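What follows is a set of notes on a single structure, which appears directly below.
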Amino acid sequence: MLRSHNCGELRKTDIKKRVKLAGWVHSLRSFGKKAFIDLRDRHGITQAVLGEEFKAVYSELPRESVVLVEGAVVKRKQPNSAINTGEIEVIADKFIVLSKSKPLPLEIFNPDIKTTEEKRLEYRFLDLRRPEMQRAMEFRFGAETLIRQYMLLKDFVEIETPFMSRPTPEGARDFLVPSRSFKGKFWALPQSPQIYKQLLMVAGFDKYFQIVRCFRDEDLRADRQYEFTQIDIETSFSEESDIQELSEGLISLLYAQLLGIKLKRPFKQMSWEHAIDLYGSDKPDTRFGIELIELTDELRESGFKIIEKQIRADGIAKAILIPEELTRKETKAMEKIAKDYGFPGVAWTWIQKELKGGVAEQLEPIKTKLKKLGKGTLLILAGDWARVCEALGAMRLAAAEKLDLRKGLDVLWVTDFPLFKWSQEKQRLQSGHHPFTLPKPEKLSDLFENLSEQELLDIRSQAFDLVINGTEVGGGSMRITDKKLQERIFELLKIDRKTAKEKFGMLLKAFDYGVPPHGGIAFGFDRLLQVMLGKDSIRDVIAFPKNKVGRALMEDGPAKADQELLDELGIKTGD
RNA sequence: GCCCCGAUGGUGUAGUUGGCUAUCAUAUGGGACUGUCAAUCCCAUGACCCGGGUUCAAAUCCCGGUCGGGGCGCCA
């Protein structure tokens with residue numbers, strides 16, 4: 001080895017030892033006849049002292065150069081309590097520069113200068129030198145290790161599934177890989193190993209898991225990347241509660257071991273309907289109140305014409321009470337949210353000793369009731385239940401952000417998701433979770449009846465999400481194993497027999513040969529880490545992420561391919 | 001596809017009721033210094049995203065574009 005120790009491990013007990021250290025020049029303080037170097041690696045910083053004999057070398061040594069130091073460990077005259085190795089230093093008798101650094105294109109260690117993410121991603125290999133990023137990567141590896149240990153203990157098998165598979169009709173847009181051998185045909189990178197893991201259940205691997213990369217060609221967000229890592233789990237002969245219990249054990253272990261936080265078990269549970277009704281979101285941030293207030297009955301005949309009209313049209317009226325008097329500007333921001341959700345505006349008033357401002361006059365008939373709610377700014381919307389809830393939910397989050405209420409830790413299950421949702425774009429039903437999700441047992445037989453669209457939308461499924469601090473970190477469900485039911489679901493989703501057979505044929509075929517009842521869950525690993533570490537962006541827990549628009553700034557991807565390869569693949573690019 | 005915000009030396013910023021010869025920190029180059037530790041001190045180099053418009057005058061106002069960030073749609 002070129003080094004005998006790393007830069008974070010020498011202590012008082014090592015004094016008088018002869019050591020070899022290697023690392024980056026973190027900082028160099030030169031005094032004409034002597035110089036101090038903070039030698040850095042992933043493990044820490046050790047001070048090396050260079051005498052005048054090295055002046056020619058250190059006087060033109062750029063920071064972040066890689067050097068080798070050999071010498072004796074001595075006690076420091078003045079210890080530095082800020083670093084672990086602060087009681088000792090190494091007096092160099094050998095000093096070799098292995099690689100000189102150019103001036104850095106960005107500041108990576110100056111705490112006063114917060115470089116833009118654009119620059120950080122462009123020079124990610126330098127950004128990753130920052131202790132914060134190194135800790136994040138170590139944290140990630142620690143989590144992976146714990147997951148594997150836990151799953152081993154629970155008698156699971158990790159099995160790798162293909163990255164090259166068939167394009168899928170439902171769900172996210174696939175990343176396609178053209179096939180050279182079979183021109184005109186394509187592989188797709190998996191959006192998730194869903195089908196494979198169900199096939200593994202048929203194969204008898206009753207407890208499967210995988211820490212696996214998934215790919216979805218959809219627009220990116222602060223918490224979404226093209227490729228992301230999933231903790232994928234599937235179990236046979238299990239029920240919803242079994243999967244939840246297993247998951248709670250796993251998540252609790254991660255919090256305990258990595259953060260020293262003991263989570264209260266069992267986790268809270270809340271039905272989807274309740275979550276929407278009370279928080280206006282299927283991933284409610286329950287760390288603070290500002291719950292949605294039902295006002296339909298109060299406003300039905302209150303004389304508030306616009307709202308009455310909405311209620312008569314089968315709508316509802318709800319409100320949130322923000323415990324502060326919003327300024328004109330802040331109210332405008334709330335109105336903007338309402339408008340984004342298709343409302344003409346938002347009815348607001350201040351509740352003080354009396355109602356004041358905004359629509360105070362129209363609310364006069366129910367002011368006694370309103371005053372019982374407390375003080376603050378009341379924002380009312382009326383219309384379609386889901387839309388009202390969602391818009392108020394968005395305002396609730398905006399208000400909480402402003403009032404700095406989004407802190408702390410809260411974990412909960414959101415259960416009983418709808419089996420279907422309506423796709424405005426496709427003008428047909430879509431799966432709430434995915435097409436293999438088992439409906440609640442009490443509604444099973446109804447599915448074969450001639451149900452109205454609304455009745456279908458009211459059917460609930462055995463699907464559930466894990467939500468931490470208002471972020472969806474995982475989703476699971478029990479799966480359909482009955483061929484007739486599965487075919488009926490395809491029918492309702494307007495996936496015709498031929499397509500179903502083509503795309504999911506292997507799954508349906510497999511179900512003919514003895515399929516155990518099964519279900520599973522998948523956690524968004526990156527997102528879980530993001531939440532655990534309190535990062536603003538998923539990119540901060542991924543070594544080499546794409547940026548917001550899906551570009552790789554460091555290697556300048558995506559890029560054009562060689563014409564020769566394109567020709568071989570039979571692809572015309574049109575430019 | 002849509003909405004919002006932003007772009008000033010290598011990096012991060014100040015400057016937007018138009019008057020700049022553009023602020024500060026840090027980095028970089030040169031110099032001083034044998035106990036510093038985000039070393040200090042002195043000197044120097046270095047910038048208004050691109051195109052068009054308004055104006056006596058544009059970093060500042062207007063229009064278009066590029067790039068970046070946040071969100072909606074999308075993400076079974």
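The way I read the labels, and the way they are meant: chains A, B, ... in the order of the structure tokens, residue 1 as the first residue of every chain, and ligand 1 as the first ligand shown, with later ones counted on from there.
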Item checked: chain B contacts to chain A at 8 Å (only C-alpha atoms (C1' of nucleotides)) as a list in words ->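 Per the criterion, chain B yields G10, U11, G12, U26, A27, U28, C33, U34, U36, C37, A38, A39, G68, G69, C72, C74, C75 and A76 of chain B.
For B:U54, the non-local neighbours within 12 Å, defined as residues at least 5 positions apart in the same chain or in other chains and counting only C-alpha atoms (C1' of nucleotides), are G18, C61, C62 and C63 of chain B.
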Note to self: One number please: atom CA of A:Lys20 to atom CA of A:Phe95, in Å, one decimal.
What the structure shows: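 Distance reported for this atom pair: 9.9 Å.
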Next item on the list: Could you give me, as JSON, numbers by chain, each residue of stretch 183-359 of chain A that DSSP assigns to helix (DSSP H, G or I) when run on this structure's backbone?
Entry: {"A": [194, 195, 196, 197, 198, 199, 200, 201, 202, 240, 241, 242, 243, 244, 245, 246, 247, 248, 249, 250, 251, 252, 253, 254, 255, 256, 257, 258, 259, 272, 273, 274, 275, 276, 277, 278, 279, 296, 297, 298, 299, 300, 305, 306, 307, 308, 309, 310, 311, 312, 328, 329, 330, 331, 332, 333, 334, 335, 336, 337, 338, 339, 340]}
Suppose we keep C-alpha atoms; can you now write the selection as a CSV table (one decimal), in the first residue's frame?
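Contents of result29.csv, as written:
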chain,number,residue,atom,x,y,z
A,194,GLN,CA,-43.6,-6.2,-11.4
A,195,ILE,CA,-44.3,-9.0,-13.8
A,196,TYR,CA,-41.1,-10.8,-13.0
A,197,LYS,CA,-41.6,-10.8,-9.3
A,198,GLN,CA,-45.1,-12.2,-9.7
A,199,LEU,CA,-43.7,-14.9,-11.9
A,200,LEU,CA,-41.2,-15.6,-9.1
A,201,MET,CA,-44.2,-16.2,-6.8
A,202,VAL,CA,-45.5,-18.8,-9.3
A,240,GLU,CA,-51.9,-6.7,3.5
A,241,SER,CA,-51.1,-6.6,7.2
A,242,ASP,CA,-48.2,-9.0,6.7
A,243,ILE,CA,-46.6,-6.8,4.1
A,244,GLN,CA,-47.1,-3.8,6.3
A,245,GLU,CA,-45.6,-5.4,9.3
A,246,LEU,CA,-42.5,-6.5,7.4
A,247,SER,CA,-42.2,-3.0,5.9
A,248,GLU,CA,-42.5,-1.4,9.3
A,249,GLY,CA,-39.8,-3.6,10.6
A,250,LEU,CA,-37.5,-2.6,7.8
A,251,ILE,CA,-38.2,1.1,7.9
A,252,SER,CA,-37.9,1.1,11.7
A,253,LEU,CA,-34.6,-0.7,11.5
A,254,LEU,CA,-33.2,1.9,9.1
A,255,TYR,CA,-34.3,4.8,11.2
A,256,ALA,CA,-33.0,3.2,14.4
A,257,GLN,CA,-29.6,2.0,13.0
A,258,LEU,CA,-28.8,5.0,10.8
A,259,LEU,CA,-30.4,7.9,12.6
A,272,TRP,CA,-57.3,7.2,1.1
A,273,GLU,CA,-60.8,8.8,1.3
A,274,HIS,CA,-60.0,10.2,4.8
A,275,ALA,CA,-56.7,11.5,3.7
A,276,ILE,CA,-58.2,13.4,0.7
A,277,ASP,CA,-61.1,14.6,2.8
A,278,LEU,CA,-59.1,15.9,5.7
A,279,TYR,CA,-55.8,16.9,4.1
A,296,THR,CA,-71.3,22.2,2.9
A,297,ASP,CA,-74.3,22.0,5.3
A,298,GLU,CA,-73.5,25.4,6.8
A,299,LEU,CA,-73.4,27.2,3.4
A,300,ARG,CA,-76.2,25.3,1.7
A,305,LYS,CA,-75.0,32.6,-3.8
A,306,ILE,CA,-71.9,31.4,-5.7
A,307,ILE,CA,-71.2,28.7,-3.1
A,308,GLU,CA,-74.9,27.7,-2.9
A,309,LYS,CA,-74.9,27.2,-6.6
A,310,GLN,CA,-71.9,24.9,-6.4
A,311,ILE,CA,-73.5,22.9,-3.7
A,312,ARG,CA,-76.8,22.5,-5.6
A,328,ARG,CA,-53.0,40.9,0.7
A,329,LYS,CA,-50.0,39.5,-1.2
A,330,GLU,CA,-50.2,36.1,0.6
A,331,THR,CA,-53.9,35.9,-0.1
A,332,LYS,CA,-53.2,36.5,-3.8
A,333,ALA,CA,-50.8,33.6,-3.7
A,334,MET,CA,-53.5,31.4,-2.3
A,335,GLU,CA,-55.9,32.6,-5.0
A,336,LYS,CA,-53.3,31.7,-7.6
A,337,ILE,CA,-53.3,28.1,-6.3
A,338,ALA,CA,-57.1,28.1,-6.5
A,339,LYS,CA,-56.9,29.3,-10.1
A,340,ASP,CA,-54.3,26.7,-11.0
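Among the candidates A:Leu39, A:Ser452, A:Asp416, A:Ala394, the residue lying nearest to B:G71 is A:Ala394 (atoms considered: only C-alpha atoms (C1' of nucleotides)).
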Margin query: Report as a PyMOL selection string all protein, DNA and RNA residues lying within 9 Å of A:Ala92, evaluated on only C-alpha atoms (C1' of nucleotides), omitting residues in the same chain fewer than 5 positions from it.
Written below: chain A and resi 48-51+69-72
For the selection just defined, write its residues with N, CA and C atoms to a file, as a JSON list (two decimals), in the first residue's frame.
[["chain", "number", "residue", "atom", "x", "y", "z"],
["A", 48, "ALA", "N", 0.01, 17.78, 8.15],
["A", 48, "ALA", "CA", 1.40, 17.43, 7.91],
["A", 48, "ALA", "C", 2.23, 18.70, 7.97],
["A", 49, "VAL", "N", 3.44, 18.58, 8.52],
["A", 49, "VAL", "CA", 4.31, 19.74, 8.63],
["A", 49, "VAL", "C", 5.49, 19.55, 7.69],
["A", 50, "LEU", "N", 5.71, 20.56, 6.83],
["A", 50, "LEU", "CA", 6.80, 20.49, 5.86],
["A", 50, "LEU", "C", 7.87, 21.51, 6.23],
["A", 51, "GLY", "N", 9.10, 21.05, 6.32],
["A", 51, "GLY", "CA", 10.20, 21.95, 6.63],
["A", 51, "GLY", "C", 10.71, 22.67, 5.39],
["A", 69, "VAL", "N", 2.82, 11.68, 1.91],
["A", 69, "VAL", "CA", 3.64, 12.20, 3.01],
["A", 69, "VAL", "C", 4.15, 11.03, 3.83],
["A", 70, "GLU", "N", 5.43, 11.04, 4.14],
["A", 70, "GLU", "CA", 5.97, 10.01, 4.99],
["A", 70, "GLU", "C", 6.71, 10.70, 6.13],
["A", 71, "GLY", "N", 6.55, 10.18, 7.33],
["A", 71, "GLY", "CA", 7.25, 10.82, 8.44],
["A", 71, "GLY", "C", 6.79, 10.31, 9.79],
["A", 72, "ALA", "N", 7.22, 11.00, 10.85],
["A", 72, "ALA", "CA", 6.91, 10.57, 12.21],
["A", 72, "ALA", "C", 5.70, 11.30, 12.76]]
Next item on the list: Take atom CA of A:Ala188 and atom CA of A:Ala559 and report the distance between them in Å, one decimal.
Entry: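 Taking atom CA of A:Ala188 as the start and atom CA of A:Ala559 as the end point, the length is 19.2 Å.
Excluding A:Lys154 itself and same-chain residues fewer than 3 positions from it, the residues having an atom within 12 Å of it are Ile147, Arg148, Gln149, Tyr150, Met151, Val157, Glu158, Asp206, Lys207, Tyr208, Phe209, Ile233, Thr235, Glu245, Leu246, Ser247, Gly249 and Leu250 of chain A, counting only C-alpha atoms (C1' of nucleotides).
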Could the residues in this selection be saved with N, CA and C atoms as a JSON list (two decimals), in the first residue's frame?
[["chain", "number", "residue", "atom", "x", "y", "z"],
["A", 147, "ILE", "N", -30.69, -3.35, 4.72],
["A", 147, "ILE", "CA", -31.84, -3.95, 4.04],
["A", 147, "ILE", "C", -31.55, -5.42, 3.73],
["A", 148, "ARG", "N", -30.37, -5.65, 3.18],
["A", 148, "ARG", "CA", -30.02, -7.04, 2.82],
["A", 148, "ARG", "C", -29.93, -7.92, 4.07],
["A", 149, "GLN", "N", -29.35, -7.38, 5.13],
["A", 149, "GLN", "CA", -29.26, -8.15, 6.38],
["A", 149, "GLN", "C", -30.66, -8.50, 6.90],
["A", 150, "TYR", "N", -31.53, -7.50, 6.90],
["A", 150, "TYR", "CA", -32.89, -7.69, 7.41],
["A", 150, "TYR", "C", -33.64, -8.72, 6.58],
["A", 151, "MET", "N", -33.52, -8.60, 5.26],
["A", 151, "MET", "CA", -34.25, -9.51, 4.38],
["A", 151, "MET", "C", -33.71, -10.95, 4.50],
["A", 157, "VAL", "N", -35.08, -14.07, -0.51],
["A", 157, "VAL", "CA", -34.04, -14.32, -1.51],
["A", 157, "VAL", "C", -33.98, -13.11, -2.43],
["A", 158, "GLU", "N", -32.77, -12.59, -2.66],
["A", 158, "GLU", "CA", -32.65, -11.50, -3.64],
["A", 158, "GLU", "C", -32.39, -12.12, -5.01],
["A", 206, "ASP", "N", -41.24, -17.82, -2.37],
["A", 206, "ASP", "CA", -42.33, -17.18, -1.63],
["A", 206, "ASP", "C", -41.93, -15.87, -0.96],
["A", 207, "LYS", "N", -40.63, -15.64, -0.81],
["A", 207, "LYS", "CA", -40.18, -14.36, -0.23],
["A", 207, "LYS", "C", -39.06, -13.82, -1.11],
["A", 208, "TYR", "N", -39.40, -12.90, -1.98],
["A", 208, "TYR", "CA", -38.43, -12.33, -2.91],
["A", 208, "TYR", "C", -38.21, -10.86, -2.58],
["A", 209, "PHE", "N", -36.98, -10.41, -2.76],
["A", 209, "PHE", "CA", -36.76, -8.97, -2.76],
["A", 209, "PHE", "C", -35.62, -8.65, -3.71],
["A", 233, "ILE", "N", -40.25, -5.85, -3.16],
["A", 233, "ILE", "CA", -40.54, -6.99, -2.28],
["A", 233, "ILE", "C", -41.82, -7.69, -2.74],
["A", 235, "THR", "N", -44.28, -11.30, -1.60],
["A", 235, "THR", "CA", -44.41, -12.47, -0.71],
["A", 235, "THR", "C", -45.66, -13.27, -1.06],
["A", 245, "GLU", "N", -46.42, -5.15, 8.13],
["A", 245, "GLU", "CA", -45.60, -5.45, 9.31],
["A", 245, "GLU", "C", -44.13, -5.62, 8.92],
["A", 246, "LEU", "N", -43.91, -6.35, 7.84],
["A", 246, "LEU", "CA", -42.54, -6.54, 7.35],
["A", 246, "LEU", "C", -41.90, -5.19, 7.02],
["A", 247, "SER", "N", -42.68, -4.34, 6.35],
["A", 247, "SER", "CA", -42.18, -3.03, 5.94],
["A", 247, "SER", "C", -41.86, -2.17, 7.15],
["A", 249, "GLY", "N", -41.00, -3.13, 10.02],
["A", 249, "GLY", "CA", -39.77, -3.63, 10.62],
["A", 249, "GLY", "C", -38.55, -3.08, 9.90],
["A", 250, "LEU", "N", -38.64, -3.08, 8.58],
["A", 250, "LEU", "CA", -37.52, -2.62, 7.76],
["A", 250, "LEU", "C", -37.27, -1.12, 7.95]]
Next item on the list: Write out as a list in words all residues of stretch 291-362 of chain A that DSSP puts in strand (DSSP E or B) for this structure's backbone.
Entry: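 Output for stretch 291-362 of chain A, strand (DSSP E or B) only: Ile293, Glu294, Ile316, Ala317, Lys318, Ala319, Ile320, Leu321, Ile322, Ala347, Trp348, Thr349, Trp350, Ile351, Leu355 and Lys356 of chain A.
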Next item on the list: Fewer than 6 positions away in the same chain doesn't count, so skip those; otherwise give me all residues within 12 Å of A:Ser99, counting only C-alpha atoms (C1' of nucleotides), as a PyMOL selection string.
Entry: chain A and resi 22-25+61-68
Could those selected residues go to a file with N, CA and C atoms, as a tab-separated table (two decimals), in the first residue's frame?
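This is the output file result05.tsv:
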chain	number	residue	atom	x	y	z
A	22	ALA	N	-1.57	9.48	2.41
A	22	ALA	CA	-1.79	9.97	1.05
A	22	ALA	C	-3.15	10.66	1.01
A	23	GLY	N	-3.27	11.67	0.18
A	23	GLY	CA	-4.56	12.32	0.09
A	23	GLY	C	-4.48	13.62	-0.71
A	24	TRP	N	-5.51	14.43	-0.56
A	24	TRP	CA	-5.62	15.69	-1.29
A	24	TRP	C	-5.17	16.85	-0.39
A	25	VAL	N	-4.57	17.85	-0.99
A	25	VAL	CA	-4.17	19.04	-0.24
A	25	VAL	C	-5.42	19.88	0.01
A	61	LEU	N	2.39	24.57	-4.90
A	61	LEU	CA	1.52	23.40	-4.84
A	61	LEU	C	0.05	23.83	-4.76
A	62	PRO	N	-0.72	23.62	-5.81
A	62	PRO	CA	-2.12	24.03	-5.78
A	62	PRO	C	-2.93	23.15	-4.82
A	63	ARG	N	-3.96	23.74	-4.25
A	63	ARG	CA	-4.85	22.94	-3.39
A	63	ARG	C	-5.50	21.86	-4.25
A	64	GLU	N	-5.92	20.79	-3.60
A	64	GLU	CA	-6.57	19.64	-4.23
A	64	GLU	C	-5.60	18.80	-5.07
A	65	SER	N	-4.31	19.08	-4.95
A	65	SER	CA	-3.34	18.17	-5.55
A	65	SER	C	-3.27	16.92	-4.69
A	66	VAL	N	-2.86	15.81	-5.31
A	66	VAL	CA	-2.73	14.56	-4.56
A	66	VAL	C	-1.26	14.36	-4.18
A	67	VAL	N	-1.02	14.15	-2.89
A	67	VAL	CA	0.36	14.05	-2.41
A	67	VAL	C	0.54	12.85	-1.48
A	68	LEU	N	1.80	12.53	-1.30
A	68	LEU	CA	2.19	11.43	-0.43
A	68	LEU	C	3.11	12.01	0.64
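Between atom CA of A:Pro284 and atom CA of A:Arg387 the separation is 15.4 Å.
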Item checked: A:Ala500 surroundings by only C-alpha atoms (C1' of nucleotides), 9 Å radius, close-in-sequence under 5 positions cut, as a ChimeraX atom specification -> /A:169,487,490,495,505,508
Take the residues just selected and output them with C-alpha atoms as a compact mmCIF listing (two decimals), in the first residue's frame.
# COMPACT_ATOMS: atom_id res chain seq x y z
CA PRO A 169 -48.80 -0.84 -22.50
CA GLU A 487 -59.31 -10.58 -17.69
CA PHE A 490 -58.22 -5.70 -18.54
CA ILE A 495 -57.07 -3.44 -22.89
CA GLY A 505 -49.55 -13.40 -21.73
CA LEU A 508 -51.75 -15.17 -17.39
